[in-house]
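Engineer: One file: model26.tsv (TSV, C-alpha atoms).
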chain	number	residue	atom	x	y	z
A	45	MET	CA	-6.26	-53.99	-16.15
A	46	VAL	CA	-4.45	-55.37	-19.20
A	47	VAL	CA	-1.52	-53.44	-20.63
A	48	VAL	CA	-0.67	-54.37	-24.23
A	49	SER	CA	2.86	-53.78	-25.46
A	50	ILE	CA	4.62	-53.52	-28.79
A	51	GLN	CA	7.66	-55.79	-29.05
A	52	LEU	CA	10.84	-53.82	-29.65
A	53	ASN	CA	14.60	-54.15	-29.86
A	54	GLY	CA	15.05	-57.57	-31.40
A	55	GLN	CA	11.74	-59.06	-30.26
A	56	SER	CA	9.69	-60.02	-33.29
A	57	GLU	CA	6.74	-62.01	-34.55
A	58	HIS	CA	9.10	-65.00	-34.61
A	59	ASN	CA	9.72	-64.92	-30.84
A	60	LEU	CA	8.28	-68.04	-29.21
A	61	VAL	CA	8.30	-66.47	-25.73
A	62	PRO	CA	4.88	-65.09	-24.76
A	63	ASN	CA	4.75	-61.72	-23.01
A	64	PRO	CA	8.56	-61.44	-23.39
A	65	SER	CA	9.00	-58.11	-21.58
A	66	PHE	CA	6.26	-58.61	-18.96
A	67	GLU	CA	4.15	-55.76	-20.35
A	68	GLU	CA	0.82	-57.59	-20.36
A	69	VAL	CA	-0.32	-57.43	-16.75
A	70	ASP	CA	-3.70	-58.56	-15.48
A	71	GLY	CA	-4.27	-56.79	-12.17
A	72	LYS	CA	-2.54	-54.37	-9.82
A	73	ILE	CA	0.95	-54.92	-8.39
A	74	LYS	CA	0.63	-54.14	-4.68
A	75	GLU	CA	3.38	-56.36	-3.25
A	76	GLY	CA	6.23	-58.71	-4.13
A	77	GLY	CA	5.97	-62.13	-5.72
A	78	LYS	CA	3.38	-61.13	-8.32
A	79	VAL	CA	4.98	-62.28	-11.57
A	80	THR	CA	1.91	-64.46	-12.15
A	81	LEU	CA	0.05	-61.25	-13.03
A	82	ALA	CA	2.19	-61.22	-16.19
A	83	GLN	CA	0.70	-64.43	-17.56
A	84	PRO	CA	1.82	-66.99	-18.55
A	85	TRP	CA	4.99	-66.36	-16.47
A	86	ARG	CA	5.18	-68.11	-13.10
A	87	ALA	CA	7.50	-69.09	-10.28
A	88	ILE	CA	8.79	-72.66	-10.67
A	89	ASN	CA	9.31	-73.48	-6.98
A	90	MET	CA	7.55	-72.17	-3.86
A	91	ASN	CA	9.66	-68.99	-3.75
A	92	GLN	CA	7.67	-66.35	-5.60
A	93	VAL	CA	9.17	-64.12	-8.32
A	94	ASP	CA	8.80	-60.33	-8.20
A	95	LEU	CA	7.24	-58.17	-10.91
A	96	TYR	CA	8.08	-54.48	-11.34
A	97	SER	CA	6.04	-51.90	-13.24
A	98	ALA	CA	5.67	-48.16	-13.71
A	99	GLU	CA	1.98	-48.80	-12.97
A	100	SER	CA	2.66	-50.57	-9.67
A	101	LYS	CA	0.59	-49.50	-6.65
A	102	SER	CA	3.60	-50.16	-4.43
A	103	GLU	CA	6.69	-47.92	-4.58
A	104	GLU	CA	8.80	-50.92	-3.63
A	105	TYR	CA	7.93	-52.63	-6.93
A	106	SER	CA	7.81	-49.63	-9.21
A	107	VAL	CA	9.88	-48.66	-12.27
A	108	PRO	CA	12.37	-47.07	-12.47
A	109	THR	CA	12.80	-46.58	-8.69
A	110	ASN	CA	12.06	-49.49	-6.33
A	111	LYS	CA	13.23	-51.26	-3.18
A	112	TYR	CA	16.33	-52.58	-4.93
A	113	GLY	CA	17.51	-49.30	-6.41
A	114	GLU	CA	16.83	-47.75	-9.79
A	115	GLU	CA	16.58	-49.23	-13.27
A	116	LYS	CA	14.60	-48.24	-16.34
A	117	ALA	CA	12.93	-51.05	-18.25
A	118	ARG	CA	14.89	-52.10	-21.31
A	119	THR	CA	11.69	-51.94	-23.35
A	120	GLY	CA	8.24	-50.90	-22.21
A	121	SER	CA	7.85	-50.13	-18.53
A	122	ASN	CA	7.97	-53.54	-16.76
A	123	TYR	CA	10.47	-56.24	-15.80
A	124	ALA	CA	10.84	-59.20	-13.42
A	125	GLY	CA	13.27	-59.73	-10.53
A	126	VAL	CA	15.07	-63.02	-9.82
A	127	SER	CA	17.36	-64.01	-6.93
A	128	PHE	CA	20.32	-66.07	-8.21
A	129	TYR	CA	22.15	-66.34	-4.87
A	130	GLY	CA	21.52	-65.67	-1.19
A	131	TYR	CA	24.27	-65.50	1.41
A	132	ARG	CA	23.78	-68.39	3.85
A	133	GLY	CA	20.18	-68.66	2.79
A	134	ARG	CA	19.26	-65.12	3.88
A	135	MET	CA	17.36	-64.79	0.64
A	136	PRO	CA	16.17	-67.90	-1.18
A	137	ARG	CA	16.77	-68.35	-4.87
A	138	THR	CA	13.87	-67.86	-7.24
A	139	TYR	CA	13.16	-69.38	-10.64
A	140	LEU	CA	11.19	-67.76	-13.45
A	141	GLY	CA	9.50	-69.88	-16.10
A	142	THR	CA	6.93	-70.01	-18.88
A	143	ARG	CA	5.62	-72.18	-21.67
A	144	LEU	CA	6.61	-71.29	-25.24
A	145	THR	CA	3.93	-70.56	-27.81
A	146	ASN	CA	5.06	-73.55	-29.88
A	147	PRO	CA	7.37	-76.51	-29.24
A	148	LEU	CA	10.86	-76.42	-30.74
A	149	THR	CA	11.49	-78.32	-33.97
A	150	GLU	CA	14.03	-81.16	-33.96
A	151	GLY	CA	17.34	-80.14	-35.54
A	152	ARG	CA	16.42	-76.46	-35.86
A	153	GLU	CA	18.74	-73.87	-34.34
A	154	TYR	CA	17.37	-71.18	-32.03
A	155	CYS	CA	18.81	-68.04	-30.49
A	156	MET	CA	17.81	-68.12	-26.82
A	157	LYS	CA	18.35	-64.83	-25.01
A	158	PHE	CA	17.44	-62.80	-21.93
A	159	PHE	CA	18.68	-59.47	-20.56
A	160	VAL	CA	19.85	-58.91	-16.98
A	161	SER	CA	20.78	-55.94	-14.82
A	162	LEU	CA	22.22	-56.34	-11.32
A	163	ALA	CA	20.12	-54.59	-8.68
A	164	ASP	CA	21.86	-51.62	-7.04
A	165	ARG	CA	21.44	-52.89	-3.48
A	166	SER	CA	22.76	-56.40	-4.09
A	167	LYS	CA	26.04	-57.03	-2.29
A	168	TYR	CA	27.17	-59.73	-4.72
A	169	ALA	CA	27.49	-60.17	-8.46
A	170	ALA	CA	27.19	-63.82	-9.48
A	171	ASN	CA	27.81	-66.06	-12.44
A	172	ASN	CA	25.73	-69.10	-13.52
A	173	LEU	CA	22.88	-66.89	-14.76
A	174	ALA	CA	21.21	-69.42	-17.02
A	175	MET	CA	18.19	-70.61	-18.97
A	176	TYR	CA	17.06	-74.22	-18.98
A	177	VAL	CA	14.89	-75.54	-21.81
A	178	THR	CA	12.87	-78.73	-21.47
A	179	ALA	CA	9.97	-80.66	-22.95
A	180	ASP	CA	8.51	-81.23	-19.49
A	181	SER	CA	6.52	-78.85	-17.35
A	182	ILE	CA	8.32	-78.45	-14.02
A	183	VAL	CA	6.69	-77.40	-10.78
A	184	GLU	CA	8.67	-77.86	-7.56
A	185	ALA	CA	6.43	-77.87	-4.48
A	186	SER	CA	9.25	-76.83	-2.14
A	187	GLU	CA	11.74	-74.01	-1.61
A	188	LYS	CA	14.80	-76.05	-2.54
A	189	ASN	CA	17.23	-74.96	-5.24
A	190	LEU	CA	16.77	-76.52	-8.66
A	191	SER	CA	19.57	-78.56	-10.23
A	192	PHE	CA	19.58	-78.93	-14.02
A	193	ASP	CA	22.21	-78.90	-16.73
A	194	ALA	CA	21.19	-75.54	-18.18
A	195	GLN	CA	21.88	-75.21	-21.89
A	196	ILE	CA	21.86	-71.41	-22.11
A	197	LYS	CA	24.70	-69.79	-20.20
A	198	SER	CA	27.44	-67.29	-20.98
A	199	ILE	CA	30.52	-68.79	-22.65
A	200	THR	CA	32.83	-66.93	-20.29
A	201	ASN	CA	30.38	-67.37	-17.37
A	202	LYS	CA	31.87	-64.62	-15.23
A	203	PRO	CA	29.97	-62.72	-12.53
A	204	TYR	CA	27.69	-60.06	-14.05
A	205	GLU	CA	28.58	-56.78	-12.33
A	206	GLN	CA	26.71	-54.39	-14.62
A	207	GLN	CA	24.26	-52.04	-12.92
A	208	PHE	CA	22.22	-49.29	-14.60
A	209	LEU	CA	22.61	-51.33	-17.78
A	210	TRP	CA	20.92	-54.26	-19.48
A	211	THR	CA	23.33	-57.04	-20.46
A	212	PRO	CA	22.32	-59.87	-22.81
A	213	ILE	CA	22.91	-63.56	-22.10
A	214	CYS	CA	22.40	-65.80	-25.10
A	215	ARG	CA	23.47	-69.01	-26.82
A	216	LYS	CA	22.58	-70.94	-29.92
A	217	TYR	CA	20.61	-74.08	-29.16
A	218	THR	CA	19.91	-77.00	-31.50
A	219	ALA	CA	16.55	-78.47	-30.54
A	220	LYS	CA	16.06	-82.14	-29.81
A	221	GLY	CA	12.41	-81.62	-30.65
A	222	GLY	CA	9.39	-81.01	-28.43
A	223	GLU	CA	10.99	-78.61	-25.95
A	224	GLN	CA	8.31	-76.17	-24.85
A	225	PHE	CA	9.26	-74.82	-21.41
A	226	ILE	CA	12.01	-72.44	-20.27
A	227	ILE	CA	13.26	-71.63	-16.77
A	228	ILE	CA	15.61	-68.77	-15.82
A	229	GLY	CA	17.70	-69.13	-12.65
A	230	ASN	CA	20.91	-70.46	-11.08
A	231	PHE	CA	21.02	-74.25	-11.31
A	232	ASN	CA	24.46	-74.67	-9.70
A	233	THR	CA	25.35	-75.06	-6.03
A	234	ASP	CA	26.62	-72.15	-3.93
A	235	GLU	CA	30.09	-73.74	-4.00
A	236	GLU	CA	30.03	-73.77	-7.80
A	237	THR	CA	28.88	-70.14	-8.03
A	238	GLN	CA	31.49	-67.39	-8.36
A	239	LEU	CA	30.81	-64.11	-6.59
A	240	GLU	CA	32.17	-60.58	-6.72
A	241	THR	CA	31.57	-58.41	-3.65
A	242	LEU	CA	30.36	-54.90	-4.48
A	243	ARG	CA	30.11	-51.65	-2.56
A	244	LEU	CA	26.86	-49.74	-2.38
A	245	SER	CA	26.87	-46.67	-4.62
A	246	ARG	CA	26.91	-43.30	-2.85
A	247	GLU	CA	23.67	-42.56	-4.67
A	248	PHE	CA	21.86	-44.91	-2.28
A	249	SER	CA	21.59	-44.96	1.50
A	250	GLY	CA	20.93	-47.82	3.87
A	251	ARG	CA	22.26	-51.37	3.78
A	252	GLN	CA	22.99	-53.74	0.96
A	253	SER	CA	21.04	-56.95	0.50
A	254	TYR	CA	23.14	-60.10	0.98
A	255	ASP	CA	22.17	-61.61	-2.34
A	256	SER	CA	22.64	-61.57	-6.10
A	257	TYR	CA	19.36	-60.15	-7.35
A	258	TYR	CA	18.92	-59.33	-11.03
A	259	PHE	CA	16.21	-57.61	-13.01
A	260	ILE	CA	15.11	-59.62	-16.08
A	261	ASP	CA	13.68	-58.19	-19.32
A	262	ASP	CA	13.16	-59.08	-23.00
A	263	VAL	CA	13.31	-62.87	-23.04
A	264	SER	CA	13.39	-64.43	-26.51
A	265	VAL	CA	13.58	-67.77	-28.32
A	266	ILE	CA	13.88	-67.11	-32.07
A	267	PRO	CA	14.81	-69.51	-34.89
A	268	ILE	CA	18.27	-68.66	-36.24
A	269	ASP	CA	17.12	-68.97	-39.85
A	270	VAL	CA	14.70	-66.03	-39.55
A	271	MET	CA	17.09	-63.68	-37.72
A	272	SER	CA	18.72	-60.72	-39.43
A	273	GLU	CA	21.56	-60.51	-36.90
A	274	GLU	CA	24.00	-62.90	-35.26
A	275	CYS	CA	23.18	-64.70	-32.03
A	276	MET	CA	26.18	-63.57	-30.02
A	277	CYS	CA	26.36	-61.91	-26.61
A	278	ASP	CA	29.82	-62.60	-25.21
A	279	LYS	CA	32.64	-60.16	-25.89
A	280	ILE	CA	35.36	-62.50	-27.05
A	281	ALA	CA	38.30	-62.15	-29.39
A	282	GLY	CA	37.24	-61.66	-32.97
A	283	GLY	CA	33.64	-62.10	-31.94
A	284	ALA	CA	33.89	-65.83	-32.57
A	285	MET	CA	36.47	-67.45	-30.34
A	286	GLU	CA	38.81	-66.87	-27.47
A	287	VAL	CA	42.09	-68.37	-26.33
A	288	GLU	CA	42.21	-69.55	-22.73
A	289	PHE	CA	45.67	-69.68	-21.17
A	290	LYS	CA	46.48	-71.66	-18.06
A	291	LYS	CA	49.04	-70.12	-15.70
A	292	PHE	CA	51.36	-72.22	-13.57
A	293	GLY	CA	54.10	-71.69	-11.02
A	294	THR	CA	57.84	-72.10	-11.54
A	295	ASP	CA	57.87	-75.76	-10.54
A	296	GLU	CA	59.58	-77.71	-13.36
A	297	LYS	CA	56.77	-80.23	-13.73
A	298	GLU	CA	54.15	-77.51	-13.77
A	299	ALA	CA	56.17	-75.37	-16.17
A	300	ALA	CA	55.95	-78.14	-18.73
A	301	LYS	CA	52.21	-77.57	-18.80
A	302	ALA	CA	52.52	-73.87	-19.53
A	303	THR	CA	51.81	-74.32	-23.23
A	304	THR	CA	48.41	-75.88	-22.51
A	305	SER	CA	45.77	-73.89	-24.32
A	306	TYR	CA	42.31	-74.31	-25.77
A	307	ILE	CA	40.41	-72.63	-28.55
A	308	VAL	CA	36.82	-71.96	-27.52
A	309	ASN	CA	34.22	-71.65	-30.26
A	310	SER	CA	31.34	-69.18	-30.08
A	311	ASP	CA	29.02	-71.98	-29.00
A	312	GLY	CA	31.25	-72.76	-26.03
A	313	SER	CA	32.73	-75.99	-27.39
A	314	ARG	CA	36.48	-76.52	-27.28
A	315	VAL	CA	38.44	-77.30	-30.43
A	316	GLU	CA	40.75	-80.28	-30.11
A	317	LYS	CA	44.33	-79.14	-29.67
A	318	THR	CA	46.45	-79.51	-32.81
A	319	GLU	CA	49.96	-78.35	-33.68
A	320	ALA	CA	48.46	-75.44	-35.62
A	321	ALA	CA	46.18	-74.50	-32.73
A	322	ALA	CA	49.06	-74.71	-30.29
A	323	ALA	CA	51.15	-72.48	-32.53
A	324	ALA	CA	48.31	-69.99	-32.78
A	325	ALA	CA	47.93	-69.98	-29.03
A	326	GLY	CA	51.66	-69.49	-28.59
A	327	GLY	CA	51.57	-66.60	-31.02
A	328	ALA	CA	48.71	-65.00	-29.14
A	329	ALA	CA	50.62	-65.36	-25.89
A	330	ALA	CA	53.66	-63.69	-27.41
A	331	ALA	CA	51.48	-60.88	-28.72
A	332	ALA	CA	50.42	-60.15	-25.17
A	333	THR	CA	53.93	-58.91	-24.40
A	334	SER	CA	55.48	-57.78	-27.67
A	335	SER	CA	53.09	-57.42	-30.61
A	336	LYS	CA	51.72	-54.03	-31.54
A	337	ALA	CA	48.31	-55.63	-32.10
A	338	TYR	CA	47.92	-56.41	-28.44
A	339	PRO	CA	47.55	-52.90	-26.93
A	340	GLU	CA	45.65	-51.63	-29.95
A	341	SER	CA	42.99	-54.29	-29.55
A	342	GLU	CA	42.71	-54.06	-25.78
A	343	GLU	CA	39.91	-51.99	-24.23
A	344	ILE	CA	38.88	-51.19	-20.68
A	345	MET	CA	35.12	-51.35	-20.15
A	346	PHE	CA	33.14	-49.32	-17.60
A	347	ASN	CA	29.75	-49.48	-15.93
A	348	SER	CA	27.26	-46.83	-17.00
A	349	THR	CA	28.16	-43.30	-15.80
A	350	LYS	CA	31.26	-44.64	-13.99
A	351	PHE	CA	34.86	-43.65	-14.71
A	352	VAL	CA	36.68	-46.03	-12.36
A	353	PRO	CA	37.15	-49.54	-13.82
A	354	SER	CA	36.07	-52.69	-11.99
A	355	SER	CA	38.67	-55.01	-10.47
A	356	THR	CA	38.25	-57.42	-13.38
A	357	GLU	CA	38.95	-54.70	-15.95
A	358	SER	CA	41.88	-53.38	-13.90
A	359	GLU	CA	43.68	-56.70	-14.43
A	360	LYS	CA	44.05	-55.73	-18.11
A	361	LEU	CA	46.12	-52.72	-17.05
A	362	ASP	CA	48.74	-55.02	-15.53
A	363	LYS	CA	49.21	-56.62	-18.96
A	364	LEU	CA	49.46	-53.23	-20.63
A	365	ALA	CA	52.01	-52.06	-18.09
A	366	ASP	CA	54.08	-55.22	-18.67
A	367	TYR	CA	53.90	-54.57	-22.41
A	368	LEU	CA	55.18	-51.00	-22.02
A	369	LYS	CA	57.98	-52.05	-19.66
A	370	ALA	CA	59.08	-54.66	-22.20
A	371	ASN	CA	58.96	-52.05	-24.99
A	372	PRO	CA	60.44	-48.87	-23.48
A	373	LYS	CA	60.25	-46.88	-26.75
A	374	VAL	CA	56.53	-47.42	-27.18
A	375	LYS	CA	53.91	-44.84	-26.23
A	376	LEU	CA	50.18	-45.46	-25.89
A	377	LYS	CA	47.54	-42.79	-26.24
A	378	ILE	CA	44.58	-43.42	-23.89
A	379	ILE	CA	41.27	-42.52	-25.52
A	380	GLY	CA	38.10	-42.19	-23.44
A	381	HIS	CA	34.68	-42.90	-24.94
A	382	ALA	CA	31.08	-42.57	-23.75
A	383	ASP	CA	27.56	-43.59	-24.70
A	384	PRO	CA	24.85	-40.95	-25.38
A	385	SER	CA	22.88	-42.35	-22.44
A	386	GLU	CA	25.61	-41.02	-20.11
A	387	GLU	CA	25.14	-37.35	-21.03
A	388	SER	CA	24.28	-36.53	-17.40
A	389	VAL	CA	28.01	-36.87	-16.55
A	390	PRO	CA	30.04	-34.10	-18.27
A	391	PHE	CA	33.22	-35.17	-20.10
A	392	ILE	CA	32.95	-38.72	-18.80
A	393	GLY	CA	35.07	-40.05	-21.66
A	394	LYS	CA	37.94	-37.73	-20.76
A	395	ARG	CA	37.56	-38.56	-17.08
A	396	ARG	CA	37.77	-42.27	-17.90
A	397	ALA	CA	40.96	-41.71	-19.88
A	398	PHE	CA	42.49	-39.64	-17.06
A	399	SER	CA	41.67	-42.33	-14.48
A	400	ILE	CA	43.42	-44.95	-16.64
A	401	GLN	CA	46.49	-42.71	-16.96
A	402	LYS	CA	46.63	-42.50	-13.16
A	403	GLU	CA	46.37	-46.29	-12.91
A	404	MET	CA	49.23	-46.71	-15.37
A	405	THR	CA	51.48	-44.31	-13.45
A	406	LYS	CA	50.77	-46.35	-10.30
A	407	ARG	CA	52.16	-49.32	-12.23
A	408	GLY	CA	55.44	-47.52	-12.90
A	409	ILE	CA	54.71	-46.04	-16.33
A	410	ASP	CA	55.74	-42.40	-16.86
A	411	LYS	CA	52.69	-40.35	-17.78
A	412	THR	CA	54.49	-38.90	-20.81
A	413	ARG	CA	54.27	-42.38	-22.34
A	414	VAL	CA	50.51	-42.59	-21.80
A	415	PRO	CA	48.91	-39.27	-22.84
A	416	TYR	CA	45.14	-39.14	-22.80
A	417	GLU	CA	42.21	-37.51	-24.57
A	418	GLY	CA	38.42	-37.77	-24.54
A	419	LYS	CA	36.44	-38.60	-27.67
A	420	GLU	CA	33.14	-38.80	-25.75
A	421	THR	CA	30.46	-40.03	-28.22
A	422	GLU	CA	32.39	-39.36	-31.45
A	423	ASN	CA	33.29	-42.99	-32.18
A	424	LEU	CA	30.38	-45.19	-31.15
A	425	LYS	CA	30.91	-48.94	-31.54
A	426	SER	CA	27.21	-49.74	-31.23
A	427	THR	CA	23.93	-47.89	-31.53
A	428	SER	CA	21.96	-50.60	-29.71
A	429	ASP	CA	24.30	-51.79	-26.93
A	430	PRO	CA	25.46	-48.93	-24.64
A	431	SER	CA	27.96	-51.18	-22.84
A	432	GLN	CA	30.16	-51.34	-25.96
A	433	ASN	CA	30.57	-47.54	-25.94
A	434	GLN	CA	31.44	-47.20	-22.25
A	435	ARG	CA	35.14	-47.79	-22.73
A	436	VAL	CA	38.73	-46.64	-22.99
A	437	SER	CA	40.74	-47.67	-26.04
A	438	PHE	CA	44.45	-47.38	-26.82
A	439	GLU	CA	46.33	-46.03	-29.81
A	440	LEU	CA	49.93	-46.95	-30.51
A	441	MET	CA	52.15	-43.87	-30.98
A	442	GLN	CA	55.40	-43.81	-32.89
Before we go any further, please render this structure as structure tokens.

Structural biologist:
Amino acid sequence: MVVVSIQLNGQSEHNLVPNPSFEEVDGKIKEGGKVTLAQPWRAINMNQVDLYSAESKSEEYSVPTNKYGEEKARTGSNYAGVSFYGYRGRMPRTYLGTRLTNPLTEGREYCMKFFVSLADRSKYAANNLAMYVTADSIVEASEKNLSFDAQIKSITNKPYEQQFLWTPICRKYTAKGGEQFIIIGNFNTDEETQLETLRLSREFSGRQSYDSYYFIDDVSVIPIDVMSEECMCDKIAGGAMEVEFKKFGTDEKEAAKATTSYIVNSDGSRVEKTEAAAAAAGGAAAAATSSKAYPESEEIMFNSTKFVPSSTESEKLDKLADYLKANPKVKLKIIGHADPSEESVPFIGKRRAFSIQKEMTKRGIDKTRVPYEGKETENLKSTSDPSQNQRVSFELMQ
């Protein structure tokens, strides 16, 4: 059987990735490791890559419910599954690859993107989710991990904890010319891979899998000059750059380094430090404790249908608490937001805001200084990316 799909949501006639959302399937999916049914996709080493479909003959590899939990396809009704990490080798890594429809043109810029969603039963979230592009066809006749300097990786490169939600990973890439193969996987060692340990949701029973297993959908390689939107996936300050601060102890020698900072461009490159850049970084650092712009611009992000922030997001609350303690006359209104896709959870925006108020009171802030309200879906930031709407924002009160 051949299922033909229509390319949606950013996929276009300019996409050089064939069968980008794994919708064209030749045969029946009865077991794992069948990504080759979605030609021309294939596993790059001897560890086979899984294919999931609403038409699968096996419930373990179905969509939306399968052996790893539950996830709707981002587009169509199919997606692939890739293992990016296995605890002590309990689950080997897998690598997903294909040949592009045409080789890349020397000097031309391309937006290279793929969407990921962490499987519900995975115990770990991992970073180093990457795409490698090459002119050479690679086939590894062993189960060993691959080691390449992958060009397409998140700028921030933090562990991807999002479940029930498709998150894009993308970068601009200037072609050397002749590149015609892409591989998706983790090309770093276990020691170089950061992990976040997760608890199994109460919605699922049984044990977690000791791995970092992600569903993959909507892979694209599109020339920048034919795109109608920016090639940007990372949520960084101003949408174009971020300031990275290094923290040190109170040792005198180390304290001298405390002004060290870097400006990171949207392509991941660092700007050389100049007096102006250092001043800008210093100003940004000061804003973190005294400027009104700091709390107004800060947001706490949530996983889909959840109203308790992750440990990473909770760290932002420490900064907000420090800001309020340093400015005892300031009040912050906590505003909870939601995405339309979360309608199954009543008043989730308000519940998010209330949970943040509780967190702030735990940090020594009187609740009268942090009132809350729920805006639900009134103020959407995006109509195409649900993750941008699943948030709590702050409003400075006089």

Engineer: Excluding A:Arg118 and its own-chain neighbours fewer than 5 positions away, which residues fall within 10 Å of it when counting all atoms listed in the file? Please give them as a list in words.

Structural biologist: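 So, after excluding close chain neighbours, the residues are Leu52, Asn53, Ser65, Tyr123, Phe159, Val160, Ser161, Leu209, Trp210, Thr211, Ile260, Asp261 and Asp262 of chain A.
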
Engineer: Hey, could you make a per-residue contact list for stretch 145-185 of chain A against stretch 228-246 of chain A with 12 Å as the cut-off, showing the nearest pair of atoms and its distance in Å to one decimal, counting all atoms listed in the file, sorted by chain and number, as JSON lines?

Structural biologist:
{"residue": "A:Met156", "atom": "CA", "partner": "A:Ile228", "partner_atom": "CA", "distance": 11.2}
{"residue": "A:Lys157", "atom": "CA", "partner": "A:Ile228", "partner_atom": "CA", "distance": 10.4}
{"residue": "A:Phe158", "atom": "CA", "partner": "A:Ile228", "partner_atom": "CA", "distance": 8.7}
{"residue": "A:Phe159", "atom": "CA", "partner": "A:Ile228", "partner_atom": "CA", "distance": 10.9}
{"residue": "A:Val160", "atom": "CA", "partner": "A:Ile228", "partner_atom": "CA", "distance": 10.8}
{"residue": "A:Leu162", "atom": "CA", "partner": "A:Leu242", "partner_atom": "CA", "distance": 10.7}
{"residue": "A:Ala163", "atom": "CA", "partner": "A:Leu244", "partner_atom": "CA", "distance": 10.4}
{"residue": "A:Asp164", "atom": "CA", "partner": "A:Leu244", "partner_atom": "CA", "distance": 7.1}
{"residue": "A:Arg165", "atom": "CA", "partner": "A:Leu244", "partner_atom": "CA", "distance": 6.4}
{"residue": "A:Ser166", "atom": "CA", "partner": "A:Leu242", "partner_atom": "CA", "distance": 7.8}
{"residue": "A:Lys167", "atom": "CA", "partner": "A:Leu242", "partner_atom": "CA", "distance": 5.3}
{"residue": "A:Tyr168", "atom": "CA", "partner": "A:Thr241", "partner_atom": "CA", "distance": 4.7}
{"residue": "A:Ala169", "atom": "CA", "partner": "A:Glu240", "partner_atom": "CA", "distance": 5.0}
{"residue": "A:Ala170", "atom": "CA", "partner": "A:Leu239", "partner_atom": "CA", "distance": 4.6}
{"residue": "A:Asn171", "atom": "CA", "partner": "A:Gln238", "partner_atom": "CA", "distance": 5.7}
{"residue": "A:Asn172", "atom": "CA", "partner": "A:Asn230", "partner_atom": "CA", "distance": 5.6}
{"residue": "A:Leu173", "atom": "CA", "partner": "A:Asn230", "partner_atom": "CA", "distance": 5.5}
{"residue": "A:Ala174", "atom": "CA", "partner": "A:Gly229", "partner_atom": "CA", "distance": 5.6}
{"residue": "A:Met175", "atom": "CA", "partner": "A:Ile228", "partner_atom": "CA", "distance": 4.5}
{"residue": "A:Tyr176", "atom": "CA", "partner": "A:Ile228", "partner_atom": "CA", "distance": 6.5}
{"residue": "A:Val177", "atom": "CA", "partner": "A:Ile228", "partner_atom": "CA", "distance": 9.1}
{"residue": "A:Thr178", "atom": "CA", "partner": "A:Ile228", "partner_atom": "CA", "distance": 11.8}

Engineer: Using all atoms listed in the file, which protein or nucleic acid residues come within 12 Å of A:Gly408? Drop anything in the same chain fewer than 6 positions from it, and give the result as a ChimeraX atom specification.

Structural biologist: /A:361-362,364-369,372,401-402,414

Engineer: So which residues touch A:Lys373 within 12 Å, counting all atoms listed in the file, skipping near sequence neighbours fewer than 6 positions away, as a ChimeraX atom specification?

Structural biologist: /A:334,367,409-410,412-414,440-442

Engineer: Return the single residue from A:Phe351, A:Tyr105, A:Trp85, A:Tyr154 that is closest to A:Lys220, with distances computed using only C-alpha atoms.

Structural biologist: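 Closest to A:Lys220 of all the choices is A:Tyr154.
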
Engineer: Out of A:Ala124, A:Met404, A:Ile227, A:Met90, which residue has the shortest atom-to-atom distance to A:Phe66 when counting all atoms listed in the file?

Structural biologist: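 Nearest to A:Phe66: A:Ala124.
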
Engineer: Can you tell me, as an MDAnalysis selection string, what residues are no more than 8 Å from A:Arg134 when counting all atoms listed in the file, ignoring any on the same chain fewer than 3 positions away?

Structural biologist: chainID A and resid 130:131 254:255

Engineer: Considering all atoms listed in the file, state which residue in the set A:Gly113, A:Pro430, A:Gly76, A:Pro62 is at the smallest distance from A:Gly250.

Structural biologist: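 Ranked by minimum distance to A:Gly250, first place goes to A:Gly113.
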
Engineer: Looking at A:Ser253, A:Ser186, A:Ser348, A:Gln92, which one is nearest to A:Phe208, with distances taken over all atoms listed in the file?

Structural biologist: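 Among A:Ser253, A:Ser186, A:Ser348, A:Gln92, it is A:Ser348 that comes nearest to A:Phe208.
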
Engineer: Which distance in Å separates atom CA of A:Glu99 and atom CA of A:Met135, to one decimal?

Structural biologist: 26.0 Å

Engineer: Provide the atom CA of A:Cys155 to atom CA of A:Tyr204 distance in Å, to one decimal place.

Structural biologist: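 Separation between atom CA of A:Cys155 and atom CA of A:Tyr204: 20.3 Å.
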
Engineer: Calculate how many Å separate atom CA of A:Ile88 from atom CA of A:Asp180, rounding to one decimal.

Structural biologist: 12.3 Å

Engineer: Taking only C-alpha atoms into account, which of A:Ser97, A:Ser127, A:Thr349, A:Ser358 comes nearest A:Glu403?

Structural biologist: A:Ser358

Engineer: Can you tell me, as a PyMOL selection string, what residues are no more than 12 Å from A:Ala382 when counting all atoms listed in the file, ignoring any on the same chain fewer than 4 positions away?

Structural biologist: chain A and resi 345-351+386-397+418-427+429-437

Engineer: From the set A:Leu140, A:Val93, A:Thr405, A:Phe438, which residue has the shortest atom-to-atom contact distance to A:Leu376, counting all atoms listed in the file?

Structural biologist: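 Residue with the minimum atom-to-atom distance to A:Leu376: A:Phe438.
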